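Each remark here refers to the structure printed beneath this line.
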Amino acid sequence: MKKRLVSILVVVLFATFSFAGKPFPADNAFWNKAFAKLADSQLTGQSKQLPLPYAYNALEPSVDAKTMEIHYSKHHAAYTKNMNDATTGPEFASKTLFQLFTEIEKYPVLVKNNGGGFYNHLLFWMLMAPASGQEPTGELLKAINESFGSVDKFKETFSNAGKKQFGSGWAWLSVNENGKLVVSSTPNQDNPLMSTTEVRGIPVLTLDVWEHAYYLQYQNRRPEYVDAFWKIVNWKEVSRRYDEALKALK
Ligand SMILES: [Fe+2]
């Protein structure tokens, strides 16, 4: 009897410590709470396009002015209008865009494609800036080194995510539920905020690898476009979003 009790105790202790060592599963309630603390959580399905924070030619030679003009004034404008049109029903009146993302499977695919198209591009514009030789610094630099070994290794991992994404999509650097930086890619206009995305998190850097983002200038040479992106990353904004993400996860 005593032996049996000892065995049960050992099993219980083992199970307790094994579980304690594993990351907890983050559910929609967890993500809703975290996302609600982000400045972008004020966005809704009725939000409008924000002005581009620089001129169309400001990112040359990495991205040419004509591509920027068409990308912003045609593609992003269309996603925004189509999102607005797809979210006029009463079921959307009290929901933020992020709340829609955390239960995106409940809504028509138009909401997913255009809501993603609206938000992903808004983020993308903010995360680029005229070439200034910026590189990651401070806490962000420490976190990149911790997760990837070095900035160069991180760039290689992120670039590969963009170069190898089959067809249209995006590369992402996100903060996951454990506060760690992770790289992923998504197809179409999906993003890490969506409940249907495998690698979920708070995005802090993204790259559009749809052909409309580079074809005029680079034709089929997506790898050249991805490599040129590093000259125009707005690392100050990546850092700001990284700090914001860590606070939101507390
Ligand atoms: Fe795009």
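Simple scheme: letters A, B, ... for chains in structure tokens order, numbers from 1 for residues in each chain, numbers from 1 for ligands in the order shown.
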
Quiz item: Near Ser73 of chain A, counting only C-alpha atoms, which residues have an atom at most 12 Å away, once you skip same-chain residues fewer than 3 positions from it, shown as a PyMOL selection string?
Solution: chain A and resi 49-52+56+65-70+76-81+121

Could I get the residue neighbourhood of ligand 1 at 7 Å, counting only C-alpha atoms and all ligand atoms, as a PDB file with N, CA and C atoms, in the first residue's frame?
```pdb
ATOM      1  N   HIS A  71       1.114  50.491 -55.772  1.00  0.00           N
ATOM      2  CA  HIS A  71       0.903  49.634 -54.597  1.00  0.00           C
ATOM      3  C   HIS A  71       0.001  50.334 -53.576  1.00  0.00           C
ATOM      4  N   HIS A  75      -3.592  49.127 -55.096  1.00  0.00           N
ATOM      5  CA  HIS A  75      -3.773  47.869 -54.351  1.00  0.00           C
ATOM      6  C   HIS A  75      -4.264  48.108 -52.922  1.00  0.00           C
ATOM      7  N   HIS A  76      -3.525  48.929 -52.169  1.00  0.00           N
ATOM      8  CA  HIS A  76      -3.927  49.147 -50.770  1.00  0.00           C
ATOM      9  C   HIS A  76      -5.274  49.858 -50.705  1.00  0.00           C
ATOM     10  N   HIS A 121      -0.651  46.027 -45.210  1.00  0.00           N
ATOM     11  CA  HIS A 121      -0.005  47.123 -45.944  1.00  0.00           C
ATOM     12  C   HIS A 121       0.228  48.336 -45.051  1.00  0.00           C
ATOM     13  N   ASP A 208       6.155  42.386 -47.844  1.00  0.00           N
ATOM     14  CA  ASP A 208       5.180  41.973 -48.853  1.00  0.00           C
ATOM     15  C   ASP A 208       5.943  41.278 -49.992  1.00  0.00           C
ATOM     16  N   TRP A 210       4.175  39.675 -52.517  1.00  0.00           N
ATOM     17  CA  TRP A 210       3.293  39.566 -53.685  1.00  0.00           C
ATOM     18  C   TRP A 210       4.043  40.144 -54.895  1.00  0.00           C
ATOM     19  N   HIS A 212       2.963  42.118 -57.045  1.00  0.00           N
ATOM     20  CA  HIS A 212       2.638  43.545 -57.246  1.00  0.00           C
ATOM     21  C   HIS A 212       3.591  44.456 -56.457  1.00  0.00           C
ATOM     22  N   ALA A 213       4.305  43.877 -55.481  1.00  0.00           N
ATOM     23  CA  ALA A 213       5.227  44.673 -54.660  1.00  0.00           C
ATOM     24  C   ALA A 213       6.572  44.901 -55.342  1.00  0.00           C
TER      25      ALA A 213
END
```

Practice problem: Mind listing the helix (DSSP H, G or I) residues of segment 10-237 of chain A, per DSSP on the backbone, as a ChimeraX atom specification? | Solution: /A:10-20,28-35,39-42,65-86,90-92,97-101,104-106,109-126,138-148,151-164,211-213,215-218,222-232,235-237

Practice problem: Extract, using only C-alpha atoms, all DNA, RNA and protein residues at most 10 Å from Tyr214 of chain A, discarding same-chain residues fewer than 4 positions from it, and format them as number ranges by chain. | Solution: A: 62-64, 67-68, 71, 208-210, 218-222, 224-226

Practice problem: Could you give me, as JSON, numbers by chain, the residues within 12 Å of segment 189-191 of chain A, counting only C-alpha atoms and dropping anything in the same chain fewer than 4 positions from it? | Solution: {"A": [76, 79, 98, 101, 102, 104, 105, 109, 110, 111, 112, 113, 114, 115, 116, 117, 118, 119, 120, 121, 123, 124, 167, 168, 169, 170, 171, 172, 173, 174, 183, 184, 185, 195, 196, 197, 198, 199, 200, 201, 202, 203, 204, 205, 206, 207, 208, 209, 210]}

Expected answer as a PDB file with N, CA and C atoms, in the first residue's frame: strand (DSSP E or B) residues in segment 141-206 of chain A:
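Dumped everything to states16.pdb:
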```
ATOM      1  N   GLY A 169       2.294  36.280 -50.725  1.00  0.00           N
ATOM      2  CA  GLY A 169       2.250  36.202 -49.268  1.00  0.00           C
ATOM      3  C   GLY A 169       3.167  37.208 -48.612  1.00  0.00           C
ATOM      4  N   TRP A 170       3.488  36.932 -47.357  1.00  0.00           N
ATOM      5  CA  TRP A 170       4.247  37.862 -46.526  1.00  0.00           C
ATOM      6  C   TRP A 170       5.260  37.119 -45.657  1.00  0.00           C
ATOM      7  N   ALA A 171       6.391  37.789 -45.360  1.00  0.00           N
ATOM      8  CA  ALA A 171       7.330  37.289 -44.343  1.00  0.00           C
ATOM      9  C   ALA A 171       7.107  38.115 -43.083  1.00  0.00           C
ATOM     10  N   TRP A 172       7.291  37.477 -41.916  1.00  0.00           N
ATOM     11  CA  TRP A 172       6.983  38.138 -40.641  1.00  0.00           C
ATOM     12  C   TRP A 172       8.065  37.923 -39.597  1.00  0.00           C
ATOM     13  N   LEU A 173       8.294  38.961 -38.781  1.00  0.00           N
ATOM     14  CA  LEU A 173       9.000  38.802 -37.509  1.00  0.00           C
ATOM     15  C   LEU A 173       7.969  39.191 -36.451  1.00  0.00           C
ATOM     16  N   SER A 174       7.695  38.265 -35.540  1.00  0.00           N
ATOM     17  CA  SER A 174       6.662  38.507 -34.528  1.00  0.00           C
ATOM     18  C   SER A 174       7.187  38.176 -33.146  1.00  0.00           C
ATOM     19  N   VAL A 175       6.494  38.717 -32.136  1.00  0.00           N
ATOM     20  CA  VAL A 175       6.747  38.334 -30.745  1.00  0.00           C
ATOM     21  C   VAL A 175       5.681  37.299 -30.382  1.00  0.00           C
ATOM     22  N   LEU A 181      11.086  36.301 -30.123  1.00  0.00           N
ATOM     23  CA  LEU A 181      10.985  36.659 -31.539  1.00  0.00           C
ATOM     24  C   LEU A 181      10.940  35.403 -32.408  1.00  0.00           C
ATOM     25  N   VAL A 182      10.028  35.384 -33.357  1.00  0.00           N
ATOM     26  CA  VAL A 182       9.920  34.244 -34.278  1.00  0.00           C
ATOM     27  C   VAL A 182       9.721  34.753 -35.705  1.00  0.00           C
ATOM     28  N   VAL A 183      10.277  34.009 -36.659  1.00  0.00           N
ATOM     29  CA  VAL A 183      10.093  34.335 -38.084  1.00  0.00           C
ATOM     30  C   VAL A 183       9.098  33.343 -38.678  1.00  0.00           C
ATOM     31  N   SER A 184       8.233  33.826 -39.552  1.00  0.00           N
ATOM     32  CA  SER A 184       7.283  32.946 -40.235  1.00  0.00           C
ATOM     33  C   SER A 184       6.907  33.562 -41.576  1.00  0.00           C
ATOM     34  N   SER A 185       6.117  32.835 -42.346  1.00  0.00           N
ATOM     35  CA  SER A 185       5.549  33.421 -43.557  1.00  0.00           C
ATOM     36  C   SER A 185       4.088  33.008 -43.630  1.00  0.00           C
ATOM     37  N   THR A 186       3.298  33.806 -44.358  1.00  0.00           N
ATOM     38  CA  THR A 186       1.880  33.474 -44.531  1.00  0.00           C
ATOM     39  C   THR A 186       1.515  33.606 -46.004  1.00  0.00           C
ATOM     40  N   PRO A 187       0.527  32.834 -46.462  1.00  0.00           N
ATOM     41  CA  PRO A 187       0.053  32.993 -47.838  1.00  0.00           C
ATOM     42  C   PRO A 187      -0.971  34.120 -47.927  1.00  0.00           C
ATOM     43  N   ILE A 202       2.524  38.922 -32.195  1.00  0.00           N
ATOM     44  CA  ILE A 202       2.357  40.349 -32.468  1.00  0.00           C
ATOM     45  C   ILE A 202       3.434  40.739 -33.475  1.00  0.00           C
ATOM     46  N   PRO A 203       3.052  41.100 -34.709  1.00  0.00           N
ATOM     47  CA  PRO A 203       4.065  41.381 -35.734  1.00  0.00           C
ATOM     48  C   PRO A 203       4.838  42.672 -35.461  1.00  0.00           C
ATOM     49  N   VAL A 204       6.150  42.622 -35.677  1.00  0.00           N
ATOM     50  CA  VAL A 204       6.976  43.823 -35.492  1.00  0.00           C
ATOM     51  C   VAL A 204       7.730  44.194 -36.772  1.00  0.00           C
ATOM     52  N   LEU A 205       7.764  43.269 -37.740  1.00  0.00           N
ATOM     53  CA  LEU A 205       8.363  43.558 -39.052  1.00  0.00           C
ATOM     54  C   LEU A 205       7.696  42.662 -40.088  1.00  0.00           C
ATOM     55  N   THR A 206       7.471  43.224 -41.262  1.00  0.00           N
ATOM     56  CA  THR A 206       6.874  42.403 -42.313  1.00  0.00           C
ATOM     57  C   THR A 206       7.376  42.828 -43.691  1.00  0.00           C
TER      58      THR A 206
END
```

Exercise. Would you mind telling me which residue in A:Ala39, A:Val151, A:Leu141, A:Ala161 lies nearest to Ser239 of chain A when using only C-alpha atoms?
Key: A:Leu141

Self-check item: Selected residue of minimal separation from Asn32 of chain A among A:Leu246, A:Leu100, A:Val238, A:Met126, counting only C-alpha atoms
Solution: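 Among the listed residues, the smallest separation from Asn32 of chain A belongs to A:Leu100.
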
Quiz item: Any idea what's packed within 10 Å of Arg240 of chain A, counting only C-alpha atoms, ignoring anything in its chain fewer than 5 positions away? Could you give it as a PyMOL selection string?
Solution: chain A and resi 140+204+235+245

For N, CA and C atoms, I'd like the residues from the last selection saved as a CSV table (one decimal), in the first residue's frame.
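Dumped everything to part-v1.csv:
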```
chain,number,residue,atom,x,y,z
A,140,LEU,N,16.0,45.3,-28.7
A,140,LEU,CA,15.6,44.5,-29.9
A,140,LEU,C,16.9,43.8,-30.4
A,204,VAL,N,6.2,42.6,-35.7
A,204,VAL,CA,7.0,43.8,-35.5
A,204,VAL,C,7.7,44.2,-36.8
A,235,TRP,N,14.1,50.6,-38.6
A,235,TRP,CA,14.4,49.8,-37.3
A,235,TRP,C,13.9,50.5,-36.1
A,245,ALA,N,4.9,45.4,-27.9
A,245,ALA,CA,4.5,44.0,-27.8
A,245,ALA,C,4.8,43.3,-26.5
```

Exercise. Find the distance between atom CA of Gln42 of chain A and atom CA of Thr96 of chain A and write it in Å to one decimal.
Key: 6.5 Å

Self-check item: Distance of atom CA of Phe92 of chain A from atom CA of Glu177 of chain A, expressed in Å to one decimal place
Solution: 26.6 Å
